Protein chains: 2
Amino acid sequence: MRWWGWGDRSHPPALPAHALGFLRETVGIAERPRPPVALGNVALPPARLSAGTAAELRAVVGEQGVRDDHIARVLHAAGKGYPDLVRLRAGLPEGAPDAVVYPGGREQLNAVLELCSRSSVAVVPFGGGTSVVGGLAPLQGRHGSVVALDTSRIGSVLALDRESSTVTVGAGMRAPALERYLGDRGLTLGHFPQSFEYVSIGGSAATRSAGQASTGYGAIDRMVLGLRISAPAGEIALPPLPASAAGPGLRQLFVGSEGAFGVISEVSLRVRPAPRERVYEGIFFEDFSAGMQALRALSRERVLPEVARLSDRQETQMSLALAGSAGLKSRLERAYLGVRGYGEGCLAILGFEGSSGSVSRRRRQAAGILRGFGALPVGRSPGEAWLQGRFAGPYLRDDLLTLGVMVETLETAAQWSRLPGLHRDVARAIAGALEDQGTPGLVMCHVSHVYETGASLYFTLLARQRESDPIGQWLAVKAAASEAIVAGGGTITHHHAVGRDHAPWMQREVGTGGLQAIASLRAELDPAGIMNPGKLEPVSSRA
Amino acid sequence: MRWWGWGDRSHPPALPAHALGFLRETVGIAERPRPPVALGNVALPPARLSAGTAAELRAVVGEQGVRDDHIARVLHAAGKGYPDLVRLRAGLPEGAPDAVVYPGGREQLNAVLELCSRSSVAVVPFGGGTSVVGGLAPLQGRHGSVVALDTSRIGSVLALDRESSTVTVGAGMRAPALERYLGDRGLTLGHFPQSFEYVSIGGSAATRSAGQASTGYGAIDRMVLGLRISAPAGEIALPPLPASAAGPGLRQLFVGSEGAFGVISEVSLRVRPAPRERVYEGIFFEDFSAGMQALRALSRERVLPEVARLSDRQETQMSLALAGSAGLKSRLERAYLGVRGYGEGCLAILGFEGSSGSVSRRRRQAAGILRGFGALPVGRSPGEAWLQGRFAGPYLRDDLLTLGVMVETLETAAQWSRLPGLHRDVARAIAGALEDQGTPGLVMCHVSHVYETGASLYFTLLARQRESDPIGQWLAVKAAASEAIVAGGGTITHHHAVGRDHAPWMQREVGTGGLQAIASLRAELDPAGIMNPGKLEPVSSRA
């Protein structure tokens, strides 16, 4: 993975040429490209791990299992959030782990945690390295040093129970490797977050990740049937069960624990038959409200597709402007902008997957319902285009950063009744904050995950980067958006997790009592307080 | 509710006359009916609540809000488990609460918990009083006295959000009252445990209850979107959200908390459109294995009915023997026992509910799948009969107890791959334990809730009561069954909760680490340790 961005170093630029003009006209771009600094020029603090501790760690995980070379530290210095990349590209990350530790299995993992507890070394669990909320910031809390605990050596398939449709994997397994393994056997997990190419299964569980197809396959919390977590106080193993009434839901307590209680080492997941058929298609609605009502009706009638995305007017216009396919654009314009009066319309992508019978049946049923909301099917091209570009976002962001364009995404979820107000207020808050920064920008949104009682909203913003203080600019926008989200009754995060960036809003989300419960579990499972300090909760609550 | 059993005092005997002969022939009955003692002869310990504390409680909840009269104490002395009823009917409950407290709202509830913490009074939360696992035993732990905290005055509908399909209710609301409220508005919760007539919504959430239609509507854990819990350390309010990635799943932590962290005071639940159509029908399979495979296939193809029950051979034979409808019995026998070779067959009840389109579509699809497993539809009579008798179990039990017959049910859930072995081993363990007690009996089982990755097994046992030591007899059987369950990879409880009876097996279920996590939360949220001592965890872990 590029240390300053996303994907393989050899990946070609992702931004289509004609988008450049659009950006120049709308948000503005830098006068000259602003590439990342050279790797050698990334400034890291000196590694502070004592020679004794390093030797003890090597005794546990082997010589190759501890690294403190420049590239290893840079690659584990941050996640892939916008501020992470701004800092990395400038060669100025906020510190780095003193070392990276790669345990080769559960026993080594337990021994590392025991050693770090004893030696007062903070531990930042590191799966695919894809956090966008500061979850990987190398914070040491009250400890003398900090290591990144990379789970990539704990990443094999441990058991497949075909009869029960359950697979158990080491937490470090990457999503593509698991999908390949399952695909060879006619199965799928169905977890496709935008970070799919790099995300780990353990990291997905620890962050309550939701994939793009969560409307059909469920988010990771619905997939996890059992797990094993190594906490400094000991291991907790919860075997896969379809359901249980044996007390509080401990599985769901560890899903979303963000490395604050320990390191998830194994995960048992529900799998499904690989789809025999996939149909992704575009549907146009007269406005966002009609589209939301239509999705709600599909949910109520329980004929939802696997993927259900509904772009608001701004995102729809932007998609059409950037579509790159002049044919599609003009066809859509002829059909809707002109003749049908859908000029301000909203595009939805519905993706049906499954057996051919299930796909055709649900499409037929859905079509009947959608007609009642004035839906206009526009064929498969937009669906196929979305499918092809579904993991492109992070690559585009790299190109935009080179152009001096700030791009950030943030997300929430709420009851259906709150969504229209939330959509309006969060978009306004972001736009207002960008204007206050002197960098008016574009704000767009889509519904990305649909539930019976509500849905998620996923916002994207684009603005010219404030060269003098890009992090201050970002913080102002993030705070304005977050305030609007909690004020509007949304969750501070639907699928990006809390990390460091959302921690200030956790009290509004779960109350002081909820924070107290989390803090007491941390104290119990991690008496030395080494696990991911400064994440999940406001820092003050761990003081 | 009858203090010694179930239902209204005026309820007629439920056991059909012809069942008497069957029981006499099979397990044996007492020579003379054994009715409960007179209410006045129930022996209670003296109420030990100090006059000062009682006065303080009355100052909080009003004169009518504290009761310590004989009938109030007897009605709150136990739940409705087999050993509870054996003891009550003999006039020898294991103690009783020193008083029953009825807070009239959240503020009073908080004040009661504050007062009990300060005065060292143990608190047993009491909803509908239907626990069958000792969850209501009036244990005082290390405290000087114990009160039952009855939530029946916190039982109104607080908010209905039709657009979001969400209702918020006071925890003491009974399930039938909520269904009536929702039914008047074209909605349903879909939570129909066998205890439906009395169970409270808060109690259902606190015990991870699953209704008979959970295959379609989900168990309570899937319905709860938000809740409010009053803990001695303070209130925690988690508003209804369709989904969130904001850290550990606190909602699911409090679902199943069994009054050990505090008292759930409000619950927000997902509701659904009331079904326009209901079709309940009988299906015969050649054996239990074929039936399980068929249910698994329905689950995999995602065309499950709302109710899916599959009786094993023993239960099927028993149902036919007791069917009461000679017509049905002989028709079934003609069709299967004789001609079709299904003499040792297993009966399933599939209940489809929803719009008429959804019901007919799923029935058609299901029929196609079921044929592949040799299913023989036997029409709606068995389905209608089941539907009519779905809440009859506890009434029958009262009659059986009068006849000196022990009847107990217990349940588990596991992955599909483990179910055949679990079914065999648990049934054998129960039968063996009954023989060891000198009271060989009948053991039967059905699959009661179907999931993608597994299902639940629900066992019923009948035997002649050992008059000299009915509790010892029950304990021996319960222990044997529980050991077989955990050894076979099942959960110690699928939907009856832990209470006191399953607490000894919690360590096998969640490990010492899991118990530690629960204990630390108790210590944090309930520093004085007043909340439901002796429940949920093995007693020693709270010492």
# chains A, B, ... in the order shown; residues from 1 in each chain; ligands from 1

call {"tool": "closest_atom_pairs", "arguments": {"of": "chain A", "to": "chain B", "cutoff": "7 Å", "atoms": "only C-alpha atoms", "output": "Markdown table"}}
result
| residue | atom | partner | partner_atom | distance |
| --- | --- | --- | --- | --- |
| A:Glu163 | CA | B:Ser417 | CA | 5.7 |
| A:Ser164 | CA | B:Thr453 | CA | 4.6 |
| A:Ser165 | CA | B:Thr453 | CA | 5.6 |
| A:Thr166 | CA | B:Thr453 | CA | 6.7 |
| A:Thr207 | CA | B:Ala245 | CA | 6.7 |
| A:Arg208 | CA | B:Ala245 | CA | 5.1 |
| A:Gly234 | CA | B:Gly513 | CA | 6.5 |
| A:Glu235 | CA | B:Gly513 | CA | 6.5 |
| A:Ile236 | CA | B:Gly513 | CA | 5.2 |
| A:Ala237 | CA | B:Val510 | CA | 6.9 |
| A:Leu238 | CA | B:Val510 | CA | 6.0 |
| A:Leu241 | CA | B:Ala414 | CA | 5.5 |
| A:Pro242 | CA | B:Gly454 | CA | 5.4 |
| A:Ala243 | CA | B:His494 | CA | 6.4 |
| A:Ser244 | CA | B:His494 | CA | 4.5 |
| A:Ala245 | CA | B:Ala497 | CA | 4.9 |
| A:Ala246 | CA | B:Val498 | CA | 5.5 |
| A:Gly247 | CA | B:Gly256 | CA | 4.5 |
| A:Pro248 | CA | B:Gly256 | CA | 4.4 |
| A:Gly249 | CA | B:Leu253 | CA | 4.8 |
| A:Leu250 | CA | B:Leu253 | CA | 6.5 |
| A:Gln252 | CA | B:Gly249 | CA | 5.0 |
| A:Leu253 | CA | B:Pro248 | CA | 4.6 |
| A:Phe254 | CA | B:Pro248 | CA | 6.0 |
| A:Val255 | CA | B:Pro248 | CA | 5.9 |
| A:Gly256 | CA | B:Pro248 | CA | 4.4 |
| A:Ser257 | CA | B:Pro248 | CA | 5.0 |
| A:Glu258 | CA | B:Gly247 | CA | 7.0 |
| A:Arg270 | CA | B:Thr453 | CA | 6.7 |
| A:Ala413 | CA | B:Ala243 | CA | 6.5 |
| A:Ala414 | CA | B:Leu241 | CA | 5.5 |
| A:Gln415 | CA | B:Ser164 | CA | 5.6 |
| A:Trp416 | CA | B:Ser164 | CA | 4.9 |
| A:Ser417 | CA | B:Glu163 | CA | 5.7 |
| A:Tyr451 | CA | B:Pro242 | CA | 6.3 |
| A:Thr453 | CA | B:Ser164 | CA | 4.6 |
| A:Gly454 | CA | B:Pro242 | CA | 5.4 |
| A:Ala455 | CA | B:Pro242 | CA | 6.8 |
| A:Thr491 | CA | B:Ser244 | CA | 6.0 |
| A:Ile492 | CA | B:Ala246 | CA | 6.6 |
| A:Thr493 | CA | B:Ala245 | CA | 5.5 |
| A:His494 | CA | B:Ser244 | CA | 4.5 |
| A:His495 | CA | B:Ala245 | CA | 5.0 |
| A:His496 | CA | B:Ala245 | CA | 6.6 |
| A:Ala497 | CA | B:Ala245 | CA | 4.9 |
| A:Val498 | CA | B:Ala246 | CA | 5.5 |
| A:Val510 | CA | B:Leu238 | CA | 6.0 |
| A:Gly511 | CA | B:Ile236 | CA | 6.4 |
| A:Gly513 | CA | B:Ile236 | CA | 5.2 |
| A:Gly514 | CA | B:Ile236 | CA | 6.2 |
| A:Ala517 | CA | B:Leu521 | CA | 6.2 |
| A:Ser520 | CA | B:Glu524 | CA | 6.4 |
| A:Leu521 | CA | B:Ala517 | CA | 6.2 |
| A:Glu524 | CA | B:Ser520 | CA | 6.4 |
| A:Leu536 | CA | B:Gly247 | CA | 6.5 |

call {"tool": "residues_around", "arguments": {"residues": "region 171-186 of chain B", "least_positions_apart": "6", "cutoff": "8 Å", "atoms": "only C-alpha atoms", "output": "PDB file with N, CA and C atoms, in the first residue's frame"}}
result
ATOM      1  N   GLY B 127     -41.333  -8.020  36.242  1.00  0.00           N
ATOM      2  CA  GLY B 127     -42.197  -7.516  35.175  1.00  0.00           C
ATOM      3  C   GLY B 127     -43.517  -8.258  35.174  1.00  0.00           C
ATOM      4  N   GLY B 128     -43.615  -9.259  34.305  1.00  0.00           N
ATOM      5  CA  GLY B 128     -44.833 -10.058  34.265  1.00  0.00           C
ATOM      6  C   GLY B 128     -44.802 -11.234  35.232  1.00  0.00           C
ATOM      7  N   ASP B 150     -41.802  -4.064  41.227  1.00  0.00           N
ATOM      8  CA  ASP B 150     -42.809  -4.404  40.220  1.00  0.00           C
ATOM      9  C   ASP B 150     -42.979  -3.220  39.268  1.00  0.00           C
ATOM     10  N   THR B 151     -42.797  -3.477  37.975  1.00  0.00           N
ATOM     11  CA  THR B 151     -42.810  -2.373  36.994  1.00  0.00           C
ATOM     12  C   THR B 151     -44.190  -2.101  36.408  1.00  0.00           C
ATOM     13  N   SER B 152     -45.222  -2.710  37.005  1.00  0.00           N
ATOM     14  CA  SER B 152     -46.522  -2.635  36.328  1.00  0.00           C
ATOM     15  C   SER B 152     -47.084  -1.221  36.225  1.00  0.00           C
ATOM     16  N   ARG B 153     -46.596  -0.304  37.054  1.00  0.00           N
ATOM     17  CA  ARG B 153     -47.087   1.081  36.940  1.00  0.00           C
ATOM     18  C   ARG B 153     -46.289   1.880  35.904  1.00  0.00           C
ATOM     19  N   ILE B 154     -45.244   1.271  35.343  1.00  0.00           N
ATOM     20  CA  ILE B 154     -44.481   1.957  34.285  1.00  0.00           C
ATOM     21  C   ILE B 154     -44.796   1.226  32.987  1.00  0.00           C
ATOM     22  N   GLY B 155     -46.006   1.405  32.511  1.00  0.00           N
ATOM     23  CA  GLY B 155     -46.434   0.504  31.445  1.00  0.00           C
ATOM     24  C   GLY B 155     -47.270   1.123  30.358  1.00  0.00           C
ATOM     25  N   SER B 156     -47.013   2.375  30.009  1.00  0.00           N
ATOM     26  CA  SER B 156     -47.834   2.961  28.937  1.00  0.00           C
ATOM     27  C   SER B 156     -47.013   3.131  27.661  1.00  0.00           C
ATOM     28  N   VAL B 157     -47.711   3.378  26.572  1.00  0.00           N
ATOM     29  CA  VAL B 157     -47.038   3.697  25.313  1.00  0.00           C
ATOM     30  C   VAL B 157     -46.551   5.135  25.398  1.00  0.00           C
ATOM     31  N   PHE B 192     -44.484 -13.241  20.484  1.00  0.00           N
ATOM     32  CA  PHE B 192     -45.497 -14.133  21.065  1.00  0.00           C
ATOM     33  C   PHE B 192     -44.865 -15.311  21.782  1.00  0.00           C
ATOM     34  N   PHE B 196     -47.009 -15.157  26.610  1.00  0.00           N
ATOM     35  CA  PHE B 196     -47.549 -13.927  26.033  1.00  0.00           C
ATOM     36  C   PHE B 196     -48.595 -13.233  26.903  1.00  0.00           C
ATOM     37  N   GLU B 197     -49.496 -14.006  27.479  1.00  0.00           N
ATOM     38  CA  GLU B 197     -50.627 -13.391  28.189  1.00  0.00           C
ATOM     39  C   GLU B 197     -50.205 -12.529  29.377  1.00  0.00           C
ATOM     40  N   TYR B 198     -49.018 -12.788  29.914  1.00  0.00           N
ATOM     41  CA  TYR B 198     -48.599 -12.052  31.104  1.00  0.00           C
ATOM     42  C   TYR B 198     -47.266 -11.333  30.949  1.00  0.00           C
ATOM     43  N   VAL B 199     -46.478 -11.723  29.989  1.00  0.00           N
ATOM     44  CA  VAL B 199     -45.098 -11.229  29.947  1.00  0.00           C
ATOM     45  C   VAL B 199     -45.068  -9.719  29.713  1.00  0.00           C
ATOM     46  N   SER B 200     -44.079  -9.056  30.319  1.00  0.00           N
ATOM     47  CA  SER B 200     -43.903  -7.622  30.099  1.00  0.00           C
ATOM     48  C   SER B 200     -42.839  -7.397  29.030  1.00  0.00           C
ATOM     49  N   ILE B 201     -42.900  -6.225  28.418  1.00  0.00           N
ATOM     50  CA  ILE B 201     -41.929  -5.913  27.365  1.00  0.00           C
ATOM     51  C   ILE B 201     -40.536  -5.718  27.957  1.00  0.00           C
ATOM     52  N   GLY B 202     -40.464  -5.038  29.089  1.00  0.00           N
ATOM     53  CA  GLY B 202     -39.161  -4.856  29.721  1.00  0.00           C
ATOM     54  C   GLY B 202     -38.559  -6.177  30.159  1.00  0.00           C
ATOM     55  N   GLY B 203     -39.410  -7.045  30.696  1.00  0.00           N
ATOM     56  CA  GLY B 203     -38.923  -8.370  31.090  1.00  0.00           C
ATOM     57  C   GLY B 203     -38.453  -9.164  29.881  1.00  0.00           C
ATOM     58  N   ILE B 264     -34.543  -2.012  33.406  1.00  0.00           N
ATOM     59  CA  ILE B 264     -34.932  -1.410  32.129  1.00  0.00           C
ATOM     60  C   ILE B 264     -36.259  -0.690  32.356  1.00  0.00           C
ATOM     61  N   SER B 265     -36.301   0.580  32.006  1.00  0.00           N
ATOM     62  CA  SER B 265     -37.518   1.361  32.271  1.00  0.00           C
ATOM     63  C   SER B 265     -38.292   1.689  31.001  1.00  0.00           C
ATOM     64  N   GLU B 266     -37.597   1.808  29.886  1.00  0.00           N
ATOM     65  CA  GLU B 266     -38.264   2.104  28.622  1.00  0.00           C
ATOM     66  C   GLU B 266     -37.608   1.295  27.516  1.00  0.00           C
ATOM     67  N   VAL B 267     -38.407   0.903  26.554  1.00  0.00           N
ATOM     68  CA  VAL B 267     -37.877   0.130  25.428  1.00  0.00           C
ATOM     69  C   VAL B 267     -38.463   0.696  24.133  1.00  0.00           C
ATOM     70  N   PRO B 273     -46.134  -4.035   9.908  1.00  0.00           N
ATOM     71  CA  PRO B 273     -47.558  -4.030   9.559  1.00  0.00           C
ATOM     72  C   PRO B 273     -48.219  -5.306  10.084  1.00  0.00           C
ATOM     73  N   ALA B 274     -49.421  -5.167  10.640  1.00  0.00           N
ATOM     74  CA  ALA B 274     -50.145  -6.365  11.077  1.00  0.00           C
ATOM     75  C   ALA B 274     -50.404  -7.236   9.860  1.00  0.00           C
TER      76      ALA B 274
END

call {"tool": "atom_distance", "arguments": {"atom1": "CA of Cys116 (chain B)", "atom2": "CA of Pro138 (chain B)"}}
result
14.7 Å

call {"tool": "select_by_dssp", "arguments": {"residues": "region 388-529 of chain A", "states": "helix (DSSP H, G or I)", "output": "ChimeraX atom specification"}}
result
/A:388,393-402,416-436,470-487,503-525

call {"tool": "closest_residue", "arguments": {"among": "B:Ala99, B:Val66, B:Ala463, B:Val133", "to": "Asp501 (chain B)", "atoms": "only C-alpha atoms"}}
result
B:Val133

call {"tool": "closest_residue", "arguments": {"among": "A:Ala375, A:Ala77, A:Val146, A:Val224", "to": "Gly291 (chain A)", "atoms": "only C-alpha atoms"}}
result
A:Ala375

call {"tool": "atom_distance", "arguments": {"atom1": "CA of Thr26 (chain A)", "atom2": "CA of Phe459 (chain A)"}}
result
17.7 Å

call {"tool": "atom_distance", "arguments": {"atom1": "CA of Asp68 (chain B)", "atom2": "CA of Leu115 (chain B)"}}
result
17.6 Å

call {"tool": "residues_around", "arguments": {"residues": "Val112 (chain A)", "least_positions_apart": "5", "cutoff": "9 Å", "atoms": "only C-alpha atoms", "output": "ChimeraX atom specification"}}
result
/A:57,60-61,101,103,107,117,149

call {"tool": "closest_residue", "arguments": {"among": "A:Pro13, A:Gly170, A:Gly529, A:Gly368", "to": "Gly105 (chain A)", "atoms": "only C-alpha atoms"}}
result
A:Gly170
